[in-house]
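Source file: input06.tsv (TSV, C-alpha atoms and all ligand atoms)
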```
chain	number	residue	atom	x	y	z
I	1	MET	CA	9.99	17.63	8.03
I	2	ALA	CA	12.34	14.67	7.87
I	3	PRO	CA	15.49	15.96	6.16
I	4	THR	CA	15.77	13.24	3.52
I	5	PHE	CA	12.14	13.11	2.42
I	6	SER	CA	10.93	15.45	-0.29
I	7	PHE	CA	8.51	15.67	-3.19
I	8	CYS	CA	8.37	17.80	-6.29
I	9	VAL	CA	5.82	18.10	-9.08
I	10	LEU	CA	7.47	18.06	-12.52
I	11	HIS	CA	4.41	18.29	-14.81
I	12	THR	CA	0.65	18.53	-14.52
I	13	ASP	CA	-2.24	17.54	-16.79
I	14	GLY	CA	-5.46	18.89	-15.30
I	15	ALA	CA	-5.44	17.72	-11.67
I	16	ALA	CA	-2.97	14.91	-12.47
I	17	ARG	CA	0.64	15.34	-11.32
I	18	ARG	CA	3.87	13.81	-12.63
I	19	GLY	CA	6.33	14.04	-9.76
I	20	GLU	CA	9.23	12.59	-7.84
I	21	ILE	CA	9.50	11.45	-4.22
I	22	THR	CA	12.97	11.44	-2.69
I	23	THR	CA	13.62	9.13	0.27
I	24	ALA	CA	16.60	7.91	2.26
I	25	HIS	CA	16.71	4.86	-0.07
I	26	GLY	CA	16.31	6.55	-3.43
I	27	THR	CA	13.73	8.25	-5.59
I	28	VAL	CA	10.28	7.19	-6.77
I	29	GLN	CA	8.75	8.49	-10.00
I	30	THR	CA	5.09	9.33	-9.47
I	31	PRO	CA	2.33	8.45	-10.02
I	32	ALA	CA	3.68	5.18	-8.59
I	33	PHE	CA	2.32	1.74	-7.75
I	34	MET	CA	3.67	-0.19	-4.75
I	35	PRO	CA	3.65	-4.01	-4.93
I	36	VAL	CA	2.45	-5.41	-1.59
I	37	GLY	CA	4.96	-7.44	0.44
I	38	THR	CA	2.71	-8.38	3.34
I	39	ARG	CA	5.15	-10.43	5.44
I	40	GLY	CA	8.38	-8.88	4.18
I	41	ALA	CA	8.04	-10.63	0.82
I	42	VAL	CA	6.02	-9.90	-2.31
I	43	LYS	CA	4.47	-13.34	-2.69
I	44	ALA	CA	6.07	-15.61	-5.30
I	45	VAL	CA	8.83	-13.20	-6.41
I	46	THR	CA	12.28	-12.05	-5.26
I	47	PRO	CA	13.68	-8.51	-4.91
I	48	ARG	CA	15.62	-9.26	-8.12
I	49	ASP	CA	12.32	-9.88	-9.96
I	50	LEU	CA	10.85	-6.69	-8.47
I	51	ARG	CA	13.74	-4.65	-9.82
I	52	GLU	CA	13.41	-6.26	-13.24
I	53	VAL	CA	9.67	-5.52	-13.54
I	54	GLY	CA	10.36	-1.88	-12.65
I	55	ALA	CA	9.22	-1.60	-9.02
I	56	GLU	CA	10.71	1.46	-7.28
I	57	ILE	CA	8.97	1.17	-3.91
I	58	ILE	CA	7.29	-1.71	-2.09
I	59	LEU	CA	4.90	-1.99	0.86
I	60	GLY	CA	5.27	-4.07	4.01
I	61	ASN	CA	2.62	-4.82	6.64
I	62	THR	CA	3.40	-3.73	10.19
I	63	TYR	CA	0.89	-6.11	11.81
I	64	HIS	CA	2.45	-9.23	10.28
I	65	LEU	CA	6.09	-8.20	10.80
I	66	TRP	CA	5.42	-7.17	14.41
I	67	LEU	CA	3.91	-10.55	15.29
I	68	ARG	CA	6.42	-12.55	13.25
I	69	PRO	CA	9.42	-12.37	13.24
I	70	GLY	CA	9.09	-9.25	15.46
I	71	ASP	CA	10.19	-5.66	14.93
I	72	GLY	CA	12.90	-6.02	17.59
I	73	LEU	CA	14.53	-8.91	15.74
I	74	ILE	CA	14.38	-7.00	12.43
I	75	ALA	CA	15.88	-3.91	14.09
I	76	ARG	CA	18.74	-5.92	15.60
I	77	LEU	CA	19.48	-7.30	12.13
I	78	GLY	CA	19.77	-3.80	10.70
I	79	GLY	CA	16.19	-2.93	9.75
I	80	LEU	CA	13.69	-4.08	7.16
I	81	HIS	CA	15.70	-3.12	4.06
I	82	ARG	CA	18.65	-5.27	5.06
I	83	PHE	CA	16.47	-8.05	6.45
I	84	ILE	CA	14.50	-8.58	3.24
I	85	GLY	CA	17.29	-7.69	0.79
I	86	TRP	CA	15.56	-4.70	-0.83
I	87	ASP	CA	17.59	-1.48	-0.81
I	88	GLY	CA	14.94	0.72	-2.45
I	89	PRO	CA	12.22	2.75	-0.77
I	90	ILE	CA	9.73	0.92	1.49
I	91	LEU	CA	6.42	2.06	2.97
I	92	THR	CA	4.80	0.20	5.86
I	93	ASP	CA	1.17	0.50	6.89
I	94	SER	CA	0.31	1.09	10.56
I	95	GLY	CA	-1.03	-2.39	11.28
I	96	GLY	CA	-4.48	-0.97	11.96
I	97	PHE	CA	-6.19	-2.37	8.91
I	98	GLN	CA	-5.08	-5.96	9.57
I	99	ALA	CA	-5.87	-5.74	13.29
I	100	PHE	CA	-9.25	-4.27	12.38
I	101	SER	CA	-9.85	-7.10	9.89
I	102	LEU	CA	-9.68	-9.69	12.69
I	103	GLY	CA	-13.40	-9.08	13.29
I	104	GLU	CA	-14.55	-10.65	16.54
I	105	ARG	CA	-10.96	-11.14	17.70
I	106	ARG	CA	-10.49	-7.38	18.20
I	107	VAL	CA	-11.93	-4.56	20.32
I	108	ILE	CA	-11.37	-0.87	19.56
I	109	THR	CA	-11.07	1.51	22.52
I	110	GLU	CA	-9.66	5.00	22.92
I	111	ALA	CA	-6.33	3.43	23.90
I	112	GLY	CA	-5.99	1.47	20.68
I	113	ILE	CA	-6.92	-1.86	19.11
I	114	ARG	CA	-6.85	-4.85	21.47
I	115	PHE	CA	-6.79	-8.12	19.56
I	116	ARG	CA	-5.85	-11.76	19.59
I	117	SER	CA	-3.09	-12.80	17.20
I	118	HIS	CA	-4.17	-14.83	14.18
I	119	LEU	CA	-1.02	-16.93	14.75
I	120	ASP	CA	-1.34	-18.17	18.34
I	121	GLY	CA	-4.28	-16.36	19.95
I	122	SER	CA	-2.00	-14.24	22.16
I	123	GLU	CA	-3.44	-10.87	23.22
I	124	HIS	CA	-1.93	-7.61	22.02
I	125	LEU	CA	-2.73	-3.91	22.16
I	126	LEU	CA	-1.82	-1.80	19.15
I	127	THR	CA	-1.72	1.88	20.15
I	128	PRO	CA	-0.92	4.92	18.01
I	129	GLU	CA	2.37	5.27	19.91
I	130	GLY	CA	3.13	1.58	19.47
I	131	ALA	CA	2.53	1.70	15.72
I	132	ALA	CA	5.09	4.52	15.51
I	133	GLU	CA	7.57	2.54	17.64
I	134	ILE	CA	7.23	-0.65	15.64
I	135	GLN	CA	7.75	1.27	12.40
I	136	ALA	CA	10.75	3.11	13.89
I	137	GLN	CA	12.31	-0.30	14.50
I	138	LEU	CA	11.34	-1.71	11.09
I	139	GLY	CA	12.80	1.40	9.45
I	140	PRO	CA	10.71	1.92	6.29
I	141	ASP	CA	11.21	5.21	4.45
I	142	ILE	CA	7.52	6.01	4.91
I	143	ALA	CA	5.57	5.06	8.05
I	144	MET	CA	1.80	5.38	8.34
I	145	VAL	CA	0.02	6.74	11.40
I	146	LEU	CA	-2.49	4.42	13.15
I	147	ASP	CA	-6.08	5.16	12.13
I	148	GLU	CA	-9.41	3.47	12.72
I	149	CYS	CA	-10.83	1.59	9.77
I	150	LEU	CA	-14.60	1.55	10.07
I	151	ALA	CA	-16.77	-1.13	8.46
I	152	GLN	CA	-19.05	0.32	5.79
I	153	PRO	CA	-21.85	1.08	5.59
I	154	ALA	CA	-22.03	2.65	9.06
I	155	PRO	CA	-24.47	5.13	10.67
I	156	LEU	CA	-23.44	8.78	10.33
I	157	SER	CA	-22.85	9.08	14.08
I	158	ALA	CA	-20.45	6.13	14.02
I	159	VAL	CA	-18.52	7.56	11.05
I	160	LYS	CA	-18.22	10.90	12.85
I	161	GLU	CA	-17.06	9.31	16.10
I	162	SER	CA	-14.52	7.17	14.22
I	163	THR	CA	-13.21	10.14	12.21
I	164	GLU	CA	-12.66	12.13	15.39
I	165	ARG	CA	-10.95	9.20	17.11
I	166	SER	CA	-8.63	8.78	14.11
I	167	ALA	CA	-7.68	12.46	14.45
I	168	ARG	CA	-6.91	11.99	18.18
I	169	TRP	CA	-4.86	8.88	17.39
I	170	ALA	CA	-3.04	10.82	14.65
I	171	ARG	CA	-1.92	13.42	17.21
I	172	ARG	CA	-0.64	10.70	19.57
I	173	GLY	CA	1.09	8.82	16.75
I	174	ARG	CA	2.73	11.99	15.42
I	175	ASP	CA	3.96	13.03	18.89
I	176	ARG	CA	5.60	9.64	19.43
I	177	PHE	CA	7.09	9.68	15.91
I	178	LEU	CA	8.69	13.08	16.58
I	179	GLU	CA	10.07	11.88	19.93
I	180	LEU	CA	11.64	8.89	18.21
I	181	GLN	CA	13.10	11.07	15.44
I	182	ALA	CA	14.67	13.27	18.11
I	183	LEU	CA	16.03	10.16	19.80
I	184	GLY	CA	17.78	9.25	16.58
I	185	ALA	CA	19.61	6.12	15.53
I	186	GLY	CA	21.48	3.76	17.76
I	187	GLU	CA	19.22	3.56	20.79
I	188	ILE	CA	18.64	-0.01	21.91
I	189	ARG	CA	15.15	-1.09	22.92
I	190	LEU	CA	15.20	-2.64	26.38
I	191	ASP	CA	11.79	-4.33	26.43
I	192	SER	CA	11.73	-6.93	23.70
I	193	GLU	CA	9.22	-7.37	20.93
I	194	THR	CA	7.56	-10.00	23.06
I	195	SER	CA	6.08	-7.32	25.33
I	196	GLU	CA	2.36	-7.79	25.58
I	197	SER	CA	1.33	-4.21	25.03
I	198	ARG	CA	2.50	-1.14	23.18
I	199	VAL	CA	1.45	1.35	25.84
I	200	PRO	CA	4.02	4.18	25.90
I	201	ASN	CA	6.81	3.34	28.27
I	202	PRO	CA	9.37	5.99	29.23
I	203	GLU	CA	11.92	3.23	29.81
I	204	SER	CA	11.58	1.83	26.30
I	205	ARG	CA	14.40	2.57	23.90
I	206	PRO	CA	13.28	1.72	20.36
I	207	LEU	CA	16.06	1.23	17.87
I	208	VAL	CA	15.48	3.87	15.20
I	209	THR	CA	16.83	2.05	12.16
I	210	ASN	CA	16.00	4.76	9.56
I	211	PRO	CA	16.55	8.32	10.82
I	212	GLY	CA	15.27	9.65	7.48
I	213	GLN	CA	11.83	8.10	7.96
I	214	ALA	CA	8.78	10.17	6.99
I	215	GLN	CA	5.31	9.69	8.46
I	216	PHE	CA	2.05	10.10	6.54
I	217	GLY	CA	-1.25	11.12	8.08
I	218	ILE	CA	-4.46	9.45	6.92
I	219	ILE	CA	-7.71	11.17	5.95
I	220	GLN	CA	-10.80	9.24	7.05
I	221	GLY	CA	-14.50	10.10	7.01
I	222	GLY	CA	-16.07	7.28	5.04
I	223	THR	CA	-18.20	8.47	2.14
I	224	VAL	CA	-19.48	11.54	4.03
I	225	LEU	CA	-17.88	14.52	2.28
I	226	GLU	CA	-18.33	16.88	5.26
I	227	LEU	CA	-16.46	14.40	7.47
I	228	ARG	CA	-13.70	14.08	4.87
I	229	THR	CA	-13.28	17.87	5.07
I	230	LEU	CA	-13.27	17.71	8.89
I	231	SER	CA	-10.63	14.97	8.77
I	232	VAL	CA	-8.49	17.02	6.35
I	233	GLU	CA	-8.64	20.02	8.72
I	234	ARG	CA	-7.75	17.98	11.81
I	235	THR	CA	-4.97	16.02	10.11
I	236	LEU	CA	-3.35	19.01	8.40
I	237	ALA	CA	-3.39	20.87	11.71
I	238	ILE	CA	-1.19	18.13	13.18
I	239	GLY	CA	1.19	18.24	10.20
I	240	PHE	CA	2.76	15.25	8.47
I	241	GLU	CA	5.30	14.85	5.67
I	242	ALA	CA	2.39	13.81	3.42
I	243	TYR	CA	-1.19	12.53	3.50
I	244	ALA	CA	-3.10	9.42	2.49
I	245	ILE	CA	-6.78	8.90	1.80
I	246	GLY	CA	-7.92	5.81	3.71
I	247	GLY	CA	-11.19	3.98	4.14
I	248	LEU	CA	-11.97	3.60	0.44
I	249	SER	CA	-12.06	0.54	-1.83
I	250	VAL	CA	-13.89	-1.29	0.95
I	251	GLY	CA	-16.93	-2.24	-1.10
I	252	GLU	CA	-18.43	1.14	-2.02
I	253	PRO	CA	-19.39	1.75	-5.70
I	254	ALA	CA	-16.54	3.01	-7.91
I	255	ASP	CA	-18.36	6.30	-8.59
I	256	THR	CA	-18.60	6.95	-4.84
I	257	MET	CA	-14.89	6.34	-4.42
I	258	TYR	CA	-14.05	8.68	-7.29
I	259	SER	CA	-16.31	11.38	-5.77
I	260	VAL	CA	-14.63	11.14	-2.38
I	261	VAL	CA	-11.20	11.35	-4.02
I	262	ALA	CA	-12.26	14.32	-6.17
I	263	HIS	CA	-13.56	16.06	-3.03
I	264	THR	CA	-10.58	15.27	-0.79
I	265	ALA	CA	-7.43	15.39	-2.94
I	266	PRO	CA	-7.66	19.12	-3.83
I	267	GLN	CA	-7.83	19.96	-0.10
I	268	LEU	CA	-4.40	18.36	0.49
I	269	PRO	CA	-1.20	20.40	0.12
I	270	THR	CA	0.06	20.51	-3.48
I	271	GLY	CA	3.66	20.16	-2.29
I	272	CYS	CA	3.10	16.72	-0.72
I	273	PRO	CA	2.47	13.35	-2.38
I	274	ARG	CA	-1.08	11.99	-1.99
I	275	TYR	CA	-1.56	8.29	-1.39
I	276	LEU	CA	-4.83	6.44	-2.05
I	277	MET	CA	-4.63	3.32	0.11
I	278	GLY	CA	-5.56	-0.10	-1.24
I	279	VAL	CA	-6.59	0.97	-4.77
I	280	GLY	CA	-7.13	-0.71	-7.17
I	281	THR	CA	-7.82	-1.85	-10.74
I	282	PRO	CA	-5.82	-0.23	-13.57
I	283	LEU	CA	-8.91	1.87	-14.38
I	284	ASP	CA	-9.37	2.92	-10.71
I	285	ILE	CA	-5.75	4.03	-10.65
I	286	VAL	CA	-5.94	6.22	-13.75
I	287	GLU	CA	-9.26	7.68	-12.55
I	288	ALA	CA	-7.64	8.57	-9.22
I	289	VAL	CA	-4.52	9.98	-10.90
I	290	SER	CA	-6.77	12.26	-12.95
I	291	ARG	CA	-8.17	13.51	-9.60
I	292	GLY	CA	-4.72	14.30	-8.17
I	293	ILE	CA	-3.44	11.07	-6.54
I	294	ASP	CA	0.27	10.14	-6.70
I	295	LEU	CA	0.74	6.84	-4.86
I	296	PHE	CA	-1.10	3.48	-4.88
I	297	ASP	CA	-0.90	-0.02	-3.46
I	298	CYS	CA	-3.09	-3.06	-4.05
I	299	VAL	CA	-2.86	-6.84	-3.73
I	300	MET	CA	-4.81	-7.25	-6.97
I	301	PRO	CA	-1.94	-7.88	-9.43
I	302	THR	CA	-0.19	-10.37	-7.13
I	303	ARG	CA	-3.29	-12.12	-5.73
I	304	ASN	CA	-4.93	-12.39	-9.15
I	305	ALA	CA	-1.70	-13.78	-10.61
I	306	ARG	CA	-1.74	-16.65	-8.11
I	307	ASN	CA	-5.36	-17.33	-9.10
I	308	GLY	CA	-4.47	-17.41	-12.79
I	309	GLN	CA	-6.18	-14.08	-13.55
I	310	LEU	CA	-3.87	-12.06	-15.77
I	311	PHE	CA	-3.95	-8.43	-16.92
I	312	THR	CA	-2.96	-7.96	-20.56
I	313	SER	CA	-2.97	-5.21	-23.17
I	314	GLU	CA	-6.10	-6.92	-24.57
I	315	GLY	CA	-7.96	-7.09	-21.24
I	316	ARG	CA	-8.21	-9.76	-18.55
I	317	LEU	CA	-7.26	-13.36	-19.30
I	318	THR	CA	-8.00	-16.57	-17.36
I	319	ILE	CA	-5.04	-18.83	-18.04
I	320	LYS	CA	-6.71	-22.12	-17.07
I	321	ASN	CA	-9.20	-21.90	-19.94
I	322	ALA	CA	-9.00	-24.87	-22.31
I	323	ARG	CA	-8.61	-22.59	-25.31
I	324	TYR	CA	-4.99	-21.92	-24.25
I	325	ALA	CA	-4.04	-25.63	-24.05
I	326	GLU	CA	-2.22	-25.54	-27.41
I	327	ASP	CA	-1.65	-21.79	-27.70
I	328	GLY	CA	2.06	-21.36	-28.45
I	329	GLY	CA	1.91	-17.54	-28.41
I	330	PRO	CA	3.09	-15.26	-25.61
I	331	LEU	CA	0.77	-14.33	-22.74
I	332	ASP	CA	0.74	-10.69	-23.91
I	333	PRO	CA	2.43	-9.85	-27.22
I	334	ALA	CA	2.77	-6.23	-26.10
I	335	CYS	CA	4.63	-7.11	-22.86
I	336	ALA	CA	8.42	-7.36	-22.49
I	337	CYS	CA	8.49	-9.14	-19.11
I	338	TYR	CA	10.50	-12.34	-18.56
I	339	THR	CA	7.33	-14.46	-18.66
I	340	CYS	CA	6.12	-13.07	-21.98
I	341	ARG	CA	9.60	-13.17	-23.54
I	342	THR	CA	10.19	-16.79	-22.54
I	343	HIS	CA	7.00	-18.83	-22.21
I	344	SER	CA	3.85	-19.69	-24.14
I	345	ARG	CA	0.26	-19.50	-22.94
I	346	ALA	CA	0.16	-23.29	-23.31
I	347	TYR	CA	3.06	-23.72	-20.87
I	348	LEU	CA	1.63	-21.20	-18.39
I	349	ARG	CA	-1.73	-23.00	-18.52
I	350	HIS	CA	0.00	-26.35	-17.96
I	351	LEU	CA	1.86	-24.99	-14.90
I	352	PHE	CA	-1.32	-23.52	-13.48
I	353	VAL	CA	-3.55	-26.58	-13.90
I	354	SER	CA	-0.73	-28.78	-12.55
I	355	GLY	CA	-0.44	-26.64	-9.42
I	356	GLU	CA	3.22	-25.88	-10.06
I	357	ILE	CA	4.84	-23.15	-7.92
I	358	GLY	CA	6.29	-21.71	-11.13
I	359	ALA	CA	2.79	-20.69	-12.22
I	360	ALA	CA	2.57	-18.23	-9.32
I	361	VAL	CA	6.08	-16.93	-10.00
I	362	LEU	CA	5.65	-16.36	-13.74
I	363	ASN	CA	2.11	-14.99	-13.46
I	364	THR	CA	3.15	-12.56	-10.70
I	365	ILE	CA	6.12	-11.30	-12.72
I	366	HIS	CA	3.77	-10.56	-15.62
I	367	ASN	CA	0.94	-8.92	-13.63
I	368	LEU	CA	3.35	-6.66	-11.74
I	369	ARG	CA	5.05	-5.70	-15.00
I	370	PHE	CA	1.64	-4.87	-16.49
I	371	TYR	CA	0.79	-2.61	-13.53
I	372	LEU	CA	4.19	-0.92	-13.50
I	373	ASP	CA	4.17	-0.45	-17.29
I	374	THR	CA	0.71	1.09	-16.92
I	375	MET	CA	2.12	3.55	-14.37
I	376	ALA	CA	4.93	4.44	-16.79
I	377	ARG	CA	2.30	5.10	-19.49
I	378	VAL	CA	0.34	7.23	-17.01
I	379	ARG	CA	3.43	9.31	-16.21
I	380	GLN	CA	4.23	9.77	-19.89
I	381	ALA	CA	0.62	10.73	-20.68
I	382	ILE	CA	0.72	13.46	-17.99
I	383	VAL	CA	3.87	14.91	-19.57
I	384	PHE	CA	2.27	14.88	-23.04
I	385	GLY	CA	-1.13	16.06	-21.81
I	386	THR	CA	-2.85	12.88	-23.03
I	387	LEU	CA	-4.06	11.32	-19.77
I	388	GLU	CA	-7.72	11.47	-20.82
I	389	THR	CA	-6.95	9.44	-23.97
I	390	LEU	CA	-5.18	6.81	-21.85
I	391	ARG	CA	-8.09	6.78	-19.38
I	392	GLN	CA	-10.53	6.09	-22.20
I	393	SER	CA	-8.42	3.23	-23.58
I	394	LEU	CA	-8.12	1.60	-20.13
I	395	GLN	CA	-11.85	2.05	-19.62
I	396	ALA	CA	-12.55	0.31	-22.95
I	397	MET	CA	-10.09	-2.48	-22.16
I	398	PHE	CA	-11.21	-3.26	-18.63
I	399	SER	CA	-14.92	-2.55	-18.70
I	400	ARG	CA	-15.73	-4.99	-21.50
I	401	PRO	CA	-16.32	-8.68	-20.69
I	402	LEU	CA	-13.31	-10.95	-20.24
I	403	SER	CA	-11.55	-11.46	-23.56
I	404	ASP	CA	-11.80	-15.19	-23.13
I	405	SER	CA	-15.25	-15.68	-21.64
E	1	ZN	ZN	4.42	-10.08	-19.51
```

In structure tokens, what does this structure look like?
Amino acid sequence: MAPTFSFCVLHTDGAARRGEITTAHGTVQTPAFMPVGTRGAVKAVTPRDLREVGAEIILGNTYHLWLRPGDGLIARLGGLHRFIGWDGPILTDSGGFQAFSLGERRVITEAGIRFRSHLDGSEHLLTPEGAAEIQAQLGPDIAMVLDECLAQPAPLSAVKESTERSARWARRGRDRFLELQALGAGEIRLDSETSESRVPNPESRPLVTNPGQAQFGIIQGGTVLELRTLSVERTLAIGFEAYAIGGLSVGEPADTMYSVVAHTAPQLPTGCPRYLMGVGTPLDIVEAVSRGIDLFDCVMPTRNARNGQLFTSEGRLTIKNARYAEDGGPLDPACACYTCRTHSRAYLRHLFVSGEIGAAVLNTIHNLRFYLDTMARVRQAIVFGTLETLRQSLQAMFSRPLSDS
């Protein structure tokens, strides 16, 4: 186990856990939500805004940072924390999901994912070893192992084959991660980030910018419960600092996702945080917390904010609606964010319909604050044993029609 990474459970309420993750860049109160900073920036906001809305950990995307500006450049400038001006905990994904999402521009083989860059069409090979090397150079506190993301629905045989390949990749990615940890800080990479492939190279000297980095394994298996169990067995046998559940929130019904989480989470070690990747709505999050999940990420609050879709204590709100044209009240009377303290719905609507950049900024500040406040309420409810009451209120708030439609 990486010496600086640890997790402890402070309270429980049923299967839900109130805990604390310790990393080389500080602690994270769990259950936690990670704003998504795809290209080293949470769109429309600054690290100062992220602190003010209560973010404790953010996510960066390996695929994007590898291709531009390059993990080598970021390493030479001191690592991702220094490069983006965020000194709190960071998690990076493995790059697999984005490479997979390129559709016809990518081919998956046993070696890895061969693809053409969305930027300039150049060809690259992302291997399990390469994903570990890139993340060693970026230096997040939590790195993710490369896994295969399978399009759903898929035939059972394809899900099985993919689950087994992900387990083989996990072994390769873990082995390389451990080699790099042993190498330690201060080793200079000789082949630059412009190298065409990420095939393991004994001559390569990645710059390990965060010696306290932890690596999470990922449970796959689609919606087939037996394959989820198989994936848990294979992944736990390799041994990671913690485990994520991947391959959900890709279009399956919510009930199916909850069933897979309820089946999988209890099979993961109680002493490690559990991360449900890419989920979800406020209701999805509380449903997953009640099934034992500790860590979440999703583009929904930030993407919806830029589209004028806002989460409030009264439900969803579409700011462009004409009914807000002369509404001098705050966006959400129950919210204490900068946007709600300072501006009216009328002004936010004006900014949005005028296409002003400020609309994205102010809406993003509010939506992130809503998500992070919701996580604080979730944590408090676990301590007081009232998570089910909170779940019911979120269900009532977000399952009814839009408040303004
Ligand atoms: Zn607000």

* Asked: So how many Å separate CA of Tyr324 in chain I and CA of Thr281 in chain I, to one decimal?
  ->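 Going from CA of Tyr324 in chain I over to CA of Thr281 in chain I covers 24.4 Å.
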
* Neighbourhood of ligand ZN 1 (chain E) at 9 Å, counting only C-alpha atoms and all ligand atoms, reported as a list in words ->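 Within the 9 Å cut-off, the matching residues are Phe311, Thr312, Pro330, Leu331, Asp332, Pro333, Ala334, Cys335, Ala336, Cys337, Tyr338, Thr339, Cys340, Arg341, Leu362, Asn363, Ile365, His366, Asn367, Leu368, Arg369 and Phe370 of chain I.
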
* Quick one: pull the distance between CA of Arg174 in chain I and CA of Gly95 in chain I, Å, one decimal. =>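 The value is 15.4 Å.
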
* Asked: So how far away is CA of Gly222 in chain I from CA of Gln152 in chain I, in Å?
  -> 7.6 Å

* **Spatial neighbours of Phe115 in chain I, 8 Å, all atoms listed in the file, chain gap at least 3 places, as a PyMOL selection string** => chain I and resi 99+102+105-107+123-125

Please identify every residue of range 70-148 of chain I that has at least one atom no farther than 12 Å from an atom of range 283-300 of chain I, counting only C-alpha atoms, and for each give the shortest atom pair and the distance in Å to one decimal, arranged by chain then increasing number, as JSON lines.
```
{"residue": "I:Ile90", "atom": "CA", "partner": "I:Asp297", "partner_atom": "CA", "distance": 11.8}
{"residue": "I:Leu91", "atom": "CA", "partner": "I:Asp297", "partner_atom": "CA", "distance": 10.0}
{"residue": "I:Thr92", "atom": "CA", "partner": "I:Asp297", "partner_atom": "CA", "distance": 10.9}
{"residue": "I:Asp93", "atom": "CA", "partner": "I:Asp297", "partner_atom": "CA", "distance": 10.6}
{"residue": "I:Ile142", "atom": "CA", "partner": "I:Leu295", "partner_atom": "CA", "distance": 11.9}
```

* For a cut-off of 7 Å around (-10.1, 16.5, -8.4), file coordinates, pick out all residues using all atoms listed in the file and list them as a list in words. =>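 Protein and nucleic acid residues near the point are Ala15, Val261, Ala262, His263, Ala265, Pro266, Arg291 and Gly292 of chain I.
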
* To do: Give me the residues within 9 Å of Arg379 in chain I as JSON, numbers by chain, counting only C-alpha atoms and dropping any in the same chain fewer than 5 places off.
  => {"I": [17, 18, 19, 29, 30, 31, 32, 374, 384, 387]}

* Between I:Arg234, I:His118, I:Arg228, I:His81, which has the minimum distance to Trp169 in chain I (counting all atoms listed in the file)? ->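 Residue with the minimum atom-to-atom distance to Trp169 in chain I: I:Arg234.
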
* Exercise: range 48-50 of chain I partners within 10 Å, all atoms listed in the file, chain neighbours under 2 positions left out, as a list in words ->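 In the requested form, the answer reads Pro35, Val42, Ala44, Val45, Thr46, Glu52, Val53, Gly54, Ala55, Glu56, Ile57, Ile58, Gly85, Trp86, Cys337, Tyr338, Val361, Thr364, Ile365, Leu368 and Arg369 of chain I.
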
* Find the residues near range 60-71 of chain I: any atom within 8 Å, counting only C-alpha atoms, skip ones fewer than 6 places away on the same chain, and give them as a list in words. =>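 With the cut-off at 8 Å, the set is Val36, Gly37, Thr38, Arg39, Gly40, Ala41, Ile90, Leu91, Thr92, Asp93, Ser94, Gly95, Gly96, Gln98, Ala99, Ser117, Ala131, Ile134, Gln135, Gln137, Leu138, Glu193 and Thr194 of chain I.
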
Create the file for the chosen residues now, containing C-alpha atoms and written as a CSV table (one decimal), keeping the file's coordinate frame.
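New file part26.csv:
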```csv
chain,number,residue,atom,x,y,z
I,36,VAL,CA,2.4,-5.4,-1.6
I,37,GLY,CA,5.0,-7.4,0.4
I,38,THR,CA,2.7,-8.4,3.3
I,39,ARG,CA,5.2,-10.4,5.4
I,40,GLY,CA,8.4,-8.9,4.2
I,41,ALA,CA,8.0,-10.6,0.8
I,90,ILE,CA,9.7,0.9,1.5
I,91,LEU,CA,6.4,2.1,3.0
I,92,THR,CA,4.8,0.2,5.9
I,93,ASP,CA,1.2,0.5,6.9
I,94,SER,CA,0.3,1.1,10.6
I,95,GLY,CA,-1.0,-2.4,11.3
I,96,GLY,CA,-4.5,-1.0,12.0
I,98,GLN,CA,-5.1,-6.0,9.6
I,99,ALA,CA,-5.9,-5.7,13.3
I,117,SER,CA,-3.1,-12.8,17.2
I,131,ALA,CA,2.5,1.7,15.7
I,134,ILE,CA,7.2,-0.6,15.6
I,135,GLN,CA,7.8,1.3,12.4
I,137,GLN,CA,12.3,-0.3,14.5
I,138,LEU,CA,11.3,-1.7,11.1
I,193,GLU,CA,9.2,-7.4,20.9
I,194,THR,CA,7.6,-10.0,23.1
```
